[in-house]
$ cat data_10.cif   # mmCIF, C-alpha atoms and all ligand atoms
data_input
#
loop_
_atom_site.label_atom_id
_atom_site.label_comp_id
_atom_site.auth_asym_id
_atom_site.auth_seq_id
_atom_site.Cartn_x
_atom_site.Cartn_y
_atom_site.Cartn_z
CA MET A 1 -77.62 94.59 -25.61
CA LEU A 2 -75.34 94.78 -22.60
CA ASP A 3 -75.32 90.98 -22.18
CA ASP A 4 -74.01 90.65 -25.74
CA LYS A 5 -71.33 93.26 -25.00
CA ILE A 6 -70.20 91.28 -21.95
CA LEU A 7 -69.99 88.16 -24.11
CA SER A 8 -67.87 89.99 -26.65
CA CYS A 9 -65.54 91.12 -23.82
CA PHE A 10 -65.02 87.42 -23.01
CA LYS A 11 -64.51 86.51 -26.62
CA LYS A 12 -61.84 89.16 -27.02
CA ASN A 13 -60.01 87.55 -24.09
CA GLU A 14 -60.54 84.01 -25.29
CA GLU A 15 -57.71 82.34 -23.38
CA GLY A 16 -57.65 84.48 -20.35
CA TYR A 17 -59.60 86.04 -17.56
CA ILE A 18 -61.24 89.38 -17.42
CA SER A 19 -61.76 91.21 -14.18
CA GLY A 20 -64.99 92.87 -13.13
CA GLU A 21 -63.08 96.12 -13.02
CA GLU A 22 -61.85 95.87 -16.61
CA MET A 23 -65.34 95.03 -17.78
CA SER A 24 -66.89 97.88 -15.89
CA ARG A 25 -64.35 100.26 -17.45
CA GLU A 26 -64.84 98.90 -20.95
CA LEU A 27 -68.64 99.00 -20.80
CA GLY A 28 -68.99 102.13 -18.69
CA ILE A 29 -71.15 100.48 -16.01
CA SER A 30 -70.61 99.81 -12.28
CA ARG A 31 -69.02 96.57 -11.01
CA ALA A 32 -72.33 95.72 -9.35
CA ALA A 33 -74.04 96.02 -12.74
CA VAL A 34 -71.39 93.77 -14.31
CA TRP A 35 -72.06 91.16 -11.64
CA LYS A 36 -75.83 91.37 -12.24
CA HIS A 37 -75.38 90.81 -15.97
CA ILE A 38 -73.01 87.89 -15.35
CA GLU A 39 -75.75 86.34 -13.20
CA ASN A 40 -78.27 86.83 -16.04
CA LEU A 41 -75.95 85.10 -18.47
CA ARG A 42 -75.43 82.19 -16.08
CA GLU A 43 -79.19 81.78 -15.83
CA GLU A 44 -79.30 81.57 -19.62
CA GLY A 45 -76.84 78.68 -19.52
CA TYR A 46 -73.45 80.39 -20.00
CA GLY A 47 -70.76 78.75 -17.86
CA ILE A 48 -68.94 81.69 -16.25
CA VAL A 49 -66.53 80.99 -13.43
CA ALA A 50 -65.12 83.64 -11.07
CA PHE A 51 -61.50 83.13 -9.96
CA PRO A 52 -60.25 85.23 -7.01
CA HIS A 53 -57.67 87.84 -8.11
CA LEU A 54 -57.93 86.76 -11.75
CA GLY A 55 -61.44 87.63 -12.75
CA TYR A 56 -64.17 85.90 -14.70
CA LYS A 57 -63.71 83.26 -17.35
CA LEU A 58 -66.22 82.00 -19.91
CA ILE A 59 -65.89 78.23 -20.02
CA SER A 60 -68.98 77.09 -21.90
CA ILE A 61 -71.83 78.49 -23.94
CA PRO A 62 -75.41 77.20 -24.27
CA ASP A 63 -76.43 75.72 -27.61
CA ARG A 64 -78.75 78.62 -28.38
CA LEU A 65 -79.20 79.96 -31.87
CA THR A 66 -78.59 83.62 -31.06
CA GLU A 67 -77.04 86.34 -33.19
CA ALA A 68 -74.06 86.55 -30.79
CA GLU A 69 -73.17 82.86 -31.16
CA LEU A 70 -74.12 82.27 -34.80
CA GLY A 71 -72.56 85.45 -36.07
CA TRP A 72 -69.32 85.38 -34.08
CA ARG A 73 -66.42 85.73 -36.53
CA LEU A 74 -68.53 84.19 -39.27
CA LYS A 75 -66.76 84.85 -42.55
CA THR A 76 -69.44 85.30 -45.19
CA ASP A 77 -69.99 87.98 -47.84
CA THR A 78 -73.79 88.14 -47.88
CA ILE A 79 -75.48 85.50 -45.76
CA ALA A 80 -76.10 86.13 -42.04
CA LYS A 81 -74.58 89.60 -41.86
CA LYS A 82 -77.63 90.32 -39.70
CA ILE A 83 -79.43 87.69 -37.64
CA TYR A 84 -82.80 88.15 -35.93
CA SER A 85 -83.26 85.38 -33.37
CA TYR A 86 -86.45 84.49 -31.53
CA LYS A 87 -87.43 81.96 -28.87
CA GLU A 88 -90.78 81.30 -30.48
CA ILE A 89 -92.39 82.64 -33.60
CA SER A 90 -95.30 81.55 -35.85
CA SER A 91 -93.15 80.99 -38.96
CA THR A 92 -89.69 82.38 -39.72
CA ASN A 93 -90.76 82.75 -43.37
CA ASP A 94 -93.59 85.09 -42.33
CA THR A 95 -91.35 87.29 -40.18
CA ALA A 96 -88.69 87.36 -42.92
CA HIS A 97 -91.40 88.34 -45.40
CA ASP A 98 -92.49 91.27 -43.19
CA LEU A 99 -88.89 92.40 -42.75
CA ALA A 100 -88.27 92.19 -46.50
CA MET A 101 -91.42 94.22 -47.20
CA ALA A 102 -90.02 96.87 -44.84
CA GLY A 103 -86.78 96.98 -46.86
CA GLU A 104 -84.47 94.56 -44.99
CA LYS A 105 -81.14 93.96 -46.75
CA GLU A 106 -80.43 90.69 -48.51
CA GLY A 107 -78.64 88.01 -46.55
CA SER A 108 -80.45 88.76 -43.28
CA ILE A 109 -81.60 85.72 -41.31
CA VAL A 110 -84.64 85.11 -39.13
CA ILE A 111 -84.14 82.12 -36.84
CA ALA A 112 -86.30 80.65 -34.05
CA GLU A 113 -85.97 78.01 -31.35
CA SER A 114 -89.51 76.92 -32.16
CA GLN A 115 -92.34 77.74 -34.56
CA THR A 116 -96.04 77.54 -33.75
CA ALA A 117 -97.09 77.51 -37.41
CA GLY A 118 -94.08 76.21 -39.35
CA ARG A 119 -95.05 75.63 -42.97
CA GLY A 120 -94.11 73.15 -45.68
CA ARG A 121 -95.03 73.45 -49.36
CA MET A 122 -98.64 73.37 -50.57
CA GLY A 123 -100.12 74.31 -47.19
CA ARG A 124 -98.44 71.46 -45.30
CA LYS A 125 -97.14 71.69 -41.76
CA TRP A 126 -93.50 71.69 -40.60
CA THR A 127 -93.06 70.13 -37.15
CA SER A 128 -90.67 72.34 -35.17
CA PRO A 129 -89.83 70.89 -31.71
CA LYS A 130 -88.35 73.49 -29.36
CA SER A 131 -84.54 73.93 -29.22
CA LYS A 132 -83.87 70.66 -31.06
CA GLY A 133 -83.79 71.60 -34.70
CA ALA A 134 -82.94 74.76 -36.59
CA TYR A 135 -85.69 76.74 -38.28
CA PHE A 136 -84.57 79.75 -40.23
CA SER A 137 -85.26 81.94 -43.23
CA VAL A 138 -82.94 83.92 -45.47
CA ILE A 139 -83.90 87.08 -47.34
CA LEU A 140 -82.41 87.35 -50.83
CA ARG A 141 -82.76 90.03 -53.49
CA PRO A 142 -81.26 88.43 -56.60
CA ASN A 143 -81.44 90.15 -59.95
CA ILE A 144 -83.05 87.21 -61.78
CA LEU A 145 -86.25 86.24 -63.59
CA PRO A 146 -89.03 84.43 -61.68
CA LYS A 147 -88.38 81.27 -63.72
CA GLU A 148 -84.85 81.10 -62.28
CA VAL A 149 -86.06 80.96 -58.66
CA PRO A 150 -86.21 77.12 -58.45
CA GLY A 151 -82.39 77.16 -58.67
CA ILE A 152 -82.42 78.81 -55.24
CA THR A 153 -84.24 75.81 -53.73
CA LEU A 154 -81.68 73.51 -55.31
CA PHE A 155 -78.59 75.28 -53.98
CA SER A 156 -80.22 75.57 -50.53
CA ALA A 157 -80.81 71.82 -50.30
CA LEU A 158 -77.29 71.29 -51.67
CA SER A 159 -75.81 73.58 -48.98
CA VAL A 160 -77.43 71.51 -46.22
CA ALA A 161 -76.54 68.11 -47.70
CA LYS A 162 -72.97 69.23 -48.36
CA THR A 163 -72.48 70.61 -44.83
CA ILE A 164 -73.67 67.29 -43.38
CA ARG A 165 -71.37 65.24 -45.59
CA GLU A 166 -68.34 67.49 -45.12
CA THR A 167 -68.55 67.91 -41.37
CA LEU A 168 -70.12 64.65 -40.18
CA SER A 169 -69.36 62.12 -42.92
CA LEU A 170 -73.00 61.05 -42.98
CA ASP A 171 -74.42 60.06 -46.36
CA ALA A 172 -76.88 62.86 -46.96
CA PHE A 173 -78.83 62.76 -50.23
CA ILE A 174 -81.20 65.14 -51.96
CA LYS A 175 -84.63 64.17 -53.22
CA TRP A 176 -85.90 66.57 -55.86
CA PRO A 177 -86.57 69.33 -55.34
CA ASN A 178 -86.24 70.25 -51.68
CA ASP A 179 -85.72 67.30 -49.34
CA VAL A 180 -82.49 66.26 -47.67
CA LEU A 181 -82.52 62.63 -46.62
CA ILE A 182 -80.32 60.29 -44.64
CA ASP A 183 -81.02 56.61 -45.12
CA SER A 184 -84.17 57.52 -47.10
CA GLN A 185 -85.61 59.49 -44.18
CA LYS A 186 -86.17 63.24 -44.23
CA ILE A 187 -83.97 65.44 -42.08
CA CYS A 188 -84.47 68.77 -43.83
CA GLY A 189 -86.94 70.59 -46.04
CA VAL A 190 -86.68 73.85 -47.96
CA LEU A 191 -89.58 76.19 -48.64
CA THR A 192 -88.79 78.93 -51.17
CA GLU A 193 -91.27 81.79 -51.50
CA MET A 194 -91.01 84.91 -53.62
CA ASN A 195 -92.45 88.34 -54.04
CA ALA A 196 -92.30 89.17 -57.72
CA GLU A 197 -93.80 91.06 -60.63
CA THR A 198 -94.12 89.51 -64.10
CA ASP A 199 -90.47 89.87 -64.97
CA LYS A 200 -88.85 91.14 -61.81
CA ILE A 201 -88.10 89.62 -58.42
CA ASN A 202 -88.58 91.91 -55.42
CA PHE A 203 -87.27 89.38 -52.95
CA VAL A 204 -87.03 85.66 -52.26
CA ILE A 205 -87.37 84.00 -48.85
CA ILE A 206 -85.63 80.65 -48.38
CA GLY A 207 -87.04 78.76 -45.38
CA ILE A 208 -84.94 75.89 -44.07
CA GLY A 209 -86.03 73.44 -41.40
CA ILE A 210 -83.51 70.86 -40.21
CA ASN A 211 -83.79 68.19 -37.53
CA ILE A 212 -80.57 68.24 -35.55
CA ASN A 213 -80.93 66.91 -31.98
CA THR A 214 -84.57 65.89 -32.42
CA LYS A 215 -85.88 62.55 -31.22
CA LYS A 216 -87.62 60.44 -33.85
CA GLU A 217 -90.71 60.16 -31.66
CA ASP A 218 -91.16 63.95 -31.87
CA LEU A 219 -91.14 63.89 -35.68
CA PRO A 220 -93.65 62.72 -38.28
CA LYS A 221 -93.36 59.25 -39.77
CA GLY A 222 -90.59 58.99 -42.33
CA ALA A 223 -88.45 61.67 -40.67
CA THR A 224 -85.18 61.42 -38.79
CA SER A 225 -82.58 63.76 -37.30
CA ILE A 226 -78.82 64.08 -37.48
CA MET A 227 -78.57 62.98 -33.84
CA GLU A 228 -80.55 59.80 -34.53
CA GLU A 229 -78.30 58.92 -37.47
CA LEU A 230 -75.03 59.93 -35.82
CA GLY A 231 -75.77 58.38 -32.44
CA ARG A 232 -74.86 61.52 -30.50
CA GLU A 233 -75.96 65.12 -30.03
CA LEU A 234 -74.12 67.85 -31.87
CA SER A 235 -73.72 71.59 -31.60
CA ARG A 236 -76.62 73.23 -33.41
CA ILE A 237 -74.57 76.43 -33.51
CA GLU A 238 -71.77 74.76 -35.48
CA ALA A 239 -74.21 72.99 -37.80
CA VAL A 240 -76.05 76.20 -38.67
CA ARG A 241 -72.81 78.19 -39.09
CA GLY A 242 -71.63 75.52 -41.55
CA ILE A 243 -74.85 75.82 -43.53
CA PHE A 244 -74.56 79.64 -43.60
CA LYS A 245 -71.06 79.34 -45.08
CA ASN A 246 -72.19 76.95 -47.80
CA LEU A 247 -75.26 79.08 -48.58
CA ASP A 248 -72.94 82.05 -48.99
CA LYS A 249 -70.68 80.12 -51.34
CA TYR A 250 -73.48 78.73 -53.52
CA TYR A 251 -75.38 82.02 -53.62
CA LYS A 252 -72.23 83.63 -55.01
CA LEU A 253 -72.00 80.93 -57.69
CA PHE A 254 -75.70 81.37 -58.46
CA LYS A 255 -75.41 85.16 -58.83
CA SER A 256 -72.41 84.82 -61.11
CA GLY A 257 -74.58 82.79 -63.51
CA ASN A 258 -72.91 79.51 -62.63
CA ILE A 259 -76.09 77.47 -62.29
CA GLY A 260 -74.46 74.69 -64.37
CA GLU A 261 -71.91 74.03 -61.63
CA ILE A 262 -74.67 74.03 -58.98
CA ILE A 263 -76.82 71.56 -60.93
CA LYS A 264 -73.79 69.32 -61.49
CA GLU A 265 -73.13 69.11 -57.74
CA TYR A 266 -76.84 68.82 -56.96
CA LYS A 267 -77.02 65.79 -59.25
CA GLU A 268 -74.05 64.21 -57.50
CA PHE A 269 -76.00 64.43 -54.23
CA SER A 270 -79.22 63.11 -55.75
CA ASN A 271 -80.63 59.70 -55.04
CA PHE A 272 -83.52 59.77 -57.51
CA LEU A 273 -81.76 60.03 -60.87
CA GLY A 274 -81.92 56.86 -62.90
CA THR A 275 -84.79 55.46 -60.86
CA ARG A 276 -88.45 55.01 -61.71
CA VAL A 277 -90.50 57.63 -59.88
CA GLN A 278 -93.99 58.87 -59.41
CA VAL A 279 -94.42 62.63 -59.21
CA ALA A 280 -97.54 63.93 -57.51
CA TYR A 281 -98.73 67.51 -57.76
CA HIS A 282 -102.04 68.12 -56.01
CA ASP A 283 -104.36 65.55 -57.69
CA THR A 284 -102.17 64.84 -60.70
CA LYS A 285 -99.77 61.91 -60.70
CA ILE A 286 -97.34 60.89 -63.39
CA GLU A 287 -94.81 58.11 -63.61
CA GLY A 288 -91.56 57.64 -65.49
CA TYR A 289 -87.78 57.44 -65.20
CA ALA A 290 -86.08 60.46 -63.60
CA ILE A 291 -83.27 61.15 -66.07
CA ASP A 292 -82.08 64.69 -65.41
CA VAL A 293 -82.47 68.07 -63.75
CA ASP A 294 -82.23 70.92 -66.25
CA SER A 295 -80.72 74.38 -65.87
CA ASP A 296 -84.03 75.83 -64.62
CA GLY A 297 -84.16 73.19 -61.89
CA ALA A 298 -86.94 71.20 -63.63
CA LEU A 299 -87.03 67.43 -63.27
CA ILE A 300 -86.89 65.60 -66.61
CA LEU A 301 -88.95 62.40 -66.73
CA ARG A 302 -88.65 59.83 -69.52
CA MET A 303 -92.20 58.60 -70.02
CA ASP A 304 -93.10 55.07 -71.13
CA SER A 305 -94.12 56.61 -74.46
CA GLY A 306 -90.45 57.49 -74.95
CA LEU A 307 -91.15 61.23 -74.72
CA ASN A 308 -89.64 63.47 -72.04
CA GLU A 309 -91.71 65.59 -69.64
CA ARG A 310 -90.39 68.64 -67.79
CA ILE A 311 -91.75 68.75 -64.24
CA LEU A 312 -91.63 72.09 -62.44
CA ALA A 313 -93.11 71.17 -59.05
CA GLY A 314 -94.31 68.16 -57.10
CA ASP A 315 -93.44 65.38 -54.69
CA VAL A 316 -91.27 62.52 -55.85
CA ILE A 317 -91.88 58.94 -54.71
CA MET A 318 -89.19 56.50 -55.73
CA LEU A 319 -90.77 53.30 -57.01
CA ARG A 320 -87.75 51.06 -57.35
C1 LIG B 401 -90.85 71.18 -46.81
O1 LIG B 401 -92.12 71.11 -47.28
O2 LIG B 401 -90.11 70.24 -46.66
C2 LIG B 401 -90.41 72.59 -46.47
C3 LIG B 401 -90.17 72.75 -45.00
C4 LIG B 401 -89.64 74.12 -44.67
C5 LIG B 401 -89.62 74.38 -43.20
C6 LIG B 401 -88.94 75.67 -42.86
S1 LIG B 401 -88.67 75.85 -41.16
C7 LIG B 401 -88.21 77.49 -41.37
C8 LIG B 401 -89.15 78.08 -42.41
N1 LIG B 401 -90.35 78.60 -41.81
C9 LIG B 401 -91.44 77.91 -42.16
O3 LIG B 401 -92.60 78.13 -41.77
N2 LIG B 401 -91.08 76.91 -43.01
C10 LIG B 401 -89.66 76.93 -43.30
P1 LIG B 401 -92.76 69.80 -47.93
O4 LIG B 401 -91.85 69.27 -48.99
O5 LIG B 401 -94.12 70.23 -48.31
O6 LIG B 401 -92.79 68.76 -46.77
C11 LIG B 401 -93.73 68.84 -45.75
C12 LIG B 401 -93.91 67.44 -45.21
O7 LIG B 401 -92.72 67.02 -44.52
C13 LIG B 401 -95.02 67.32 -44.17
O8 LIG B 401 -96.25 67.09 -44.79
C14 LIG B 401 -94.57 66.13 -43.33
O9 LIG B 401 -94.91 64.92 -43.96
C15 LIG B 401 -93.05 66.24 -43.38
N3 LIG B 401 -92.52 66.93 -42.19
C16 LIG B 401 -93.09 67.86 -41.39
N4 LIG B 401 -92.26 68.25 -40.43
C17 LIG B 401 -91.11 67.56 -40.60
C18 LIG B 401 -89.87 67.52 -39.92
N5 LIG B 401 -89.59 68.28 -38.87
N6 LIG B 401 -88.93 66.66 -40.41
C19 LIG B 401 -89.15 65.88 -41.48
N7 LIG B 401 -90.31 65.86 -42.15
C20 LIG B 401 -91.28 66.70 -41.73
#

$ encode --input "data_10.cif" --output "structure tokens" --more "lines below"
Ligand code: BT5
Amino acid sequence: MLDDKILSCFKKNEEGYISGEEMSRELGISRAAVWKHIENLREEGYGIVAFPHLGYKLISIPDRLTEAELGWRLKTDTIAKKIYSYKEISSTNDTAHDLAMAGEKEGSIVIAESQTAGRGRMGRKWTSPKSKGAYFSVILRPNILPKEVPGITLFSALSVAKTIRETLSLDAFIKWPNDVLIDSQKICGVLTEMNAETDKINFVIIGIGININTKKEDLPKGATSIMEELGRELSRIEAVRGIFKNLDKYYKLFKSGNIGEIIKEYKEFSNFLGTRVQVAYHDTKIEGYAIDVDSDGALILRMDSGLNERILAGDVIMLR
């Protein structure tokens, strides 16, 4: 898109000014057309100032989750090499699924400012207030067995929790398998879906929803946002770029067979280990002490009988 090309002209001249004439030469369009596109960008929230004799200068960018902003000089090997961004979409997981079916490469991202039918696990809903959170999906094509897929949920939750701790010094914790919490309230959920045959994965879609600048009143009970916990708004662009970098790092570890290292870090971020929990899966509920997460990502419960149970899916409630 021409608007994106104009933005990259500015980014090449980060410190300085760029004249309408230079831009028109570089892009092969008239100066009047340059001016029209600059006006478009201003309407979208870009702060572009014109200085007589010097040219235009980009002084601020809107906090929009577009390919141009998220992908700019992002140093990753696999994740976010291609970003499809939308203003509104039903569910980023559904669009990512359609792209993957049509052969999209692994690492590609689908991201939206809002979702009309954002999904959680087991048919639940994901509340996605417009331009406040980040709602995105990642297409992966790992060469693994279906039983190894839960590890992908674990490193995704770990990537989010780690980004929050590293960049904001907030105490983010993980609740098995897919919740990221701050102060026992949910700020992020991961929904991992796969397309597989008995012993072969075709592709995996990781869906990540994270409350960034969202007000508590716009979220379900028990949820919070980074803004609410930090006491100020933050750049969604920077937050998402940070998560992309950590996803890239942990996906590399995962592919190299280093699930042990991932589980070790995941356990360090966990708040449920060593506590008595109830795990609910549809109508079944069981209770015991959460003692471990094994190399397949299963939760190990020590039952009152003294025997251990391996739990593959469910919702954890911490009892004490
Ligand atoms: C999850 O499910 O936590 C997975 C959420 C994944 C959402 C992303 S957004 C991008 C991608 N596209 C999609 O359509 N989905 C993914 P689960 O563990 O089942 O939790 C769902 C429950 O979390 C709901 O029943 C609510 O109680 C709660 N919830 C809903 N919206 C929330 C929000 N914005 N923040 C915190 N909690 C929420």

$ closest_residue --input "data_10.cif" --among "A:Ser225, A:Asn195, A:Asn308, A:Ser24" --to "ligand LIG 401 (chain B)" --atoms "only C-alpha atoms and all ligand atoms"
A:Ser225

$ atom_distance --input "data_10.cif" --atom1 "atom N7 of ligand LIG 401 (chain B)" --atom2 "CA of Ile187 in chain A"
6.4 Å

$ closest_atom_pairs --input "data_10.cif" --of "range 152-265 of chain A" --to "range 57-66 of chain A" --cutoff "7 Å" --atoms "only C-alpha atoms" --output "CSV"
residue,atom,partner,partner_atom,distance
A:Ser235,CA,A:Asp63,CA,6.3
A:Arg236,CA,A:Asp63,CA,6.3
A:Ile237,CA,A:Leu65,CA,6.0

$ write_last_selection --input "data_10.cif" --atoms "C-alpha atoms" --output "PDB file, keeping the file's coordinate frame"
ATOM      1  CA  SER A 235     -73.720  71.590 -31.600  1.00  0.00           C
ATOM      2  CA  ARG A 236     -76.620  73.230 -33.410  1.00  0.00           C
ATOM      3  CA  ILE A 237     -74.570  76.430 -33.510  1.00  0.00           C
TER       4      ILE A 237
END

$ axis_aligned_box --input "data_10.cif" --around "ligand LIG 401 (chain B)" --padding-each-side "3 Å" --output "AutoDock Vina command-line options"
--center_x -92.2 --center_y 71.8 --center_z -43.9 --size_x 14.0 --size_y 19.7 --size_z 16.1

$ closest_residue --input "data_10.cif" --among "A:Gly107, A:Gly207, A:Gly28, A:Gly55" --to "ligand LIG 401 (chain B)" --atoms "only C-alpha atoms and all ligand atoms"
A:Gly207

$ residues_near_ligand --input "data_10.cif" --ligand "ligand LIG 401 (chain B)" --cutoff "7 Å" --atoms "only C-alpha atoms and all ligand atoms" --output "PDB file with C-alpha atoms, in the coordinates of the input"
ATOM      1  CA  SER A  91     -93.150  80.990 -38.960  1.00  0.00           C
ATOM      2  CA  THR A  92     -89.690  82.380 -39.720  1.00  0.00           C
ATOM      3  CA  ASN A  93     -90.760  82.750 -43.370  1.00  0.00           C
ATOM      4  CA  ALA A 117     -97.090  77.510 -37.410  1.00  0.00           C
ATOM      5  CA  GLY A 118     -94.080  76.210 -39.350  1.00  0.00           C
ATOM      6  CA  ARG A 119     -95.050  75.630 -42.970  1.00  0.00           C
ATOM      7  CA  GLY A 120     -94.110  73.150 -45.680  1.00  0.00           C
ATOM      8  CA  ARG A 121     -95.030  73.450 -49.360  1.00  0.00           C
ATOM      9  CA  MET A 122     -98.640  73.370 -50.570  1.00  0.00           C
ATOM     10  CA  ARG A 124     -98.440  71.460 -45.300  1.00  0.00           C
ATOM     11  CA  LYS A 125     -97.140  71.690 -41.760  1.00  0.00           C
ATOM     12  CA  TRP A 126     -93.500  71.690 -40.600  1.00  0.00           C
ATOM     13  CA  THR A 127     -93.060  70.130 -37.150  1.00  0.00           C
ATOM     14  CA  SER A 128     -90.670  72.340 -35.170  1.00  0.00           C
ATOM     15  CA  TYR A 135     -85.690  76.740 -38.280  1.00  0.00           C
ATOM     16  CA  PHE A 136     -84.570  79.750 -40.230  1.00  0.00           C
ATOM     17  CA  SER A 137     -85.260  81.940 -43.230  1.00  0.00           C
ATOM     18  CA  ASN A 178     -86.240  70.250 -51.680  1.00  0.00           C
ATOM     19  CA  ASP A 179     -85.720  67.300 -49.340  1.00  0.00           C
ATOM     20  CA  LYS A 186     -86.170  63.240 -44.230  1.00  0.00           C
ATOM     21  CA  ILE A 187     -83.970  65.440 -42.080  1.00  0.00           C
ATOM     22  CA  CYS A 188     -84.470  68.770 -43.830  1.00  0.00           C
ATOM     23  CA  GLY A 189     -86.940  70.590 -46.040  1.00  0.00           C
ATOM     24  CA  VAL A 190     -86.680  73.850 -47.960  1.00  0.00           C
ATOM     25  CA  LEU A 191     -89.580  76.190 -48.640  1.00  0.00           C
ATOM     26  CA  GLY A 207     -87.040  78.760 -45.380  1.00  0.00           C
ATOM     27  CA  ILE A 208     -84.940  75.890 -44.070  1.00  0.00           C
ATOM     28  CA  GLY A 209     -86.030  73.440 -41.400  1.00  0.00           C
ATOM     29  CA  ILE A 210     -83.510  70.860 -40.210  1.00  0.00           C
ATOM     30  CA  ASN A 211     -83.790  68.190 -37.530  1.00  0.00           C
ATOM     31  CA  LEU A 219     -91.140  63.890 -35.680  1.00  0.00           C
ATOM     32  CA  PRO A 220     -93.650  62.720 -38.280  1.00  0.00           C
ATOM     33  CA  GLY A 222     -90.590  58.990 -42.330  1.00  0.00           C
ATOM     34  CA  ALA A 223     -88.450  61.670 -40.670  1.00  0.00           C
ATOM     35  CA  THR A 224     -85.180  61.420 -38.790  1.00  0.00           C
TER      36      THR A 224
END

$ atom_distance --input "data_10.cif" --atom1 "CA of Leu181 in chain A" --atom2 "CA of Glu228 in chain A"
12.6 Å

$ residues_around --input "data_10.cif" --residues "range 140-143 of chain A" --least-positions-apart "2" --cutoff "7 Å" --atoms "only C-alpha atoms" --output "list of chain:residue names"
A:Glu106, A:Gly107, A:Val138, A:Ile201, A:Asn202, A:Phe203, A:Val204, A:Ile205

$ write_last_selection --input "data_10.cif" --atoms "C-alpha atoms" --output "PDB file, in the frame of the given file"
ATOM      1  CA  GLU A 106     -80.430  90.690 -48.510  1.00  0.00           C
ATOM      2  CA  GLY A 107     -78.640  88.010 -46.550  1.00  0.00           C
ATOM      3  CA  VAL A 138     -82.940  83.920 -45.470  1.00  0.00           C
ATOM      4  CA  ILE A 201     -88.100  89.620 -58.420  1.00  0.00           C
ATOM      5  CA  ASN A 202     -88.580  91.910 -55.420  1.00  0.00           C
ATOM      6  CA  PHE A 203     -87.270  89.380 -52.950  1.00  0.00           C
ATOM      7  CA  VAL A 204     -87.030  85.660 -52.260  1.00  0.00           C
ATOM      8  CA  ILE A 205     -87.370  84.000 -48.850  1.00  0.00           C
TER       9      ILE A 205
END

$ residues_around --input "data_10.cif" --residues "Glu21 in chain A" --least-positions-apart "5" --cutoff "9 Å" --atoms "all atoms listed in the file" --output "list in words"
Glu26, Ser30, Arg31, Val34 and Gly55 of chain A

$ closest_residue --input "data_10.cif" --among "A:Ile6, A:Leu319, A:Ile206, A:Ile38" --to "Val110 in chain A" --atoms "all atoms listed in the file"
A:Ile206

$ closest_residue --input "data_10.cif" --among "A:Leu234, A:Ala172, A:Pro146, A:Gly314" --to "Thr198 in chain A" --atoms "all atoms listed in the file"
A:Pro146

$ residues_around --input "data_10.cif" --residues "Leu299 in chain A" --least-positions-apart "2" --cutoff "8 Å" --atoms "only C-alpha atoms" --output "list in words"
Trp176, Ala290, Ile291, Asp292, Val293, Asp294, Gly297, Leu301, Arg310, Ile311 and Leu312 of chain A

$ atom_distance --input "data_10.cif" --atom1 "CA of Ile109 in chain A" --atom2 "CA of Gly242 in chain A"
14.3 Å

$ residues_around --input "data_10.cif" --residues "Asp3 in chain A" --least-positions-apart "4" --cutoff "9 Å" --atoms "only C-alpha atoms" --output "list in words"
Leu7, Ser8, His37, Ile38, Asn40 and Leu41 of chain A

$ closest_residue --input "data_10.cif" --among "A:Arg241, A:His97, A:Lys255, A:Arg276" --to "Leu70 in chain A" --atoms "all atoms listed in the file"
A:Arg241

$ residues_around --input "data_10.cif" --residues "Phe269 in chain A" --least-positions-apart "6" --cutoff "9 Å" --atoms "all atoms listed in the file" --output "list in words"
Leu158, Ala161, Lys162, Ala172, Phe173, Ile174 and Lys175 of chain A

$ closest_residue --input "data_10.cif" --among "A:His282, A:Arg302, A:Arg165, A:Lys75" --to "Gly123 in chain A" --atoms "only C-alpha atoms"
A:His282
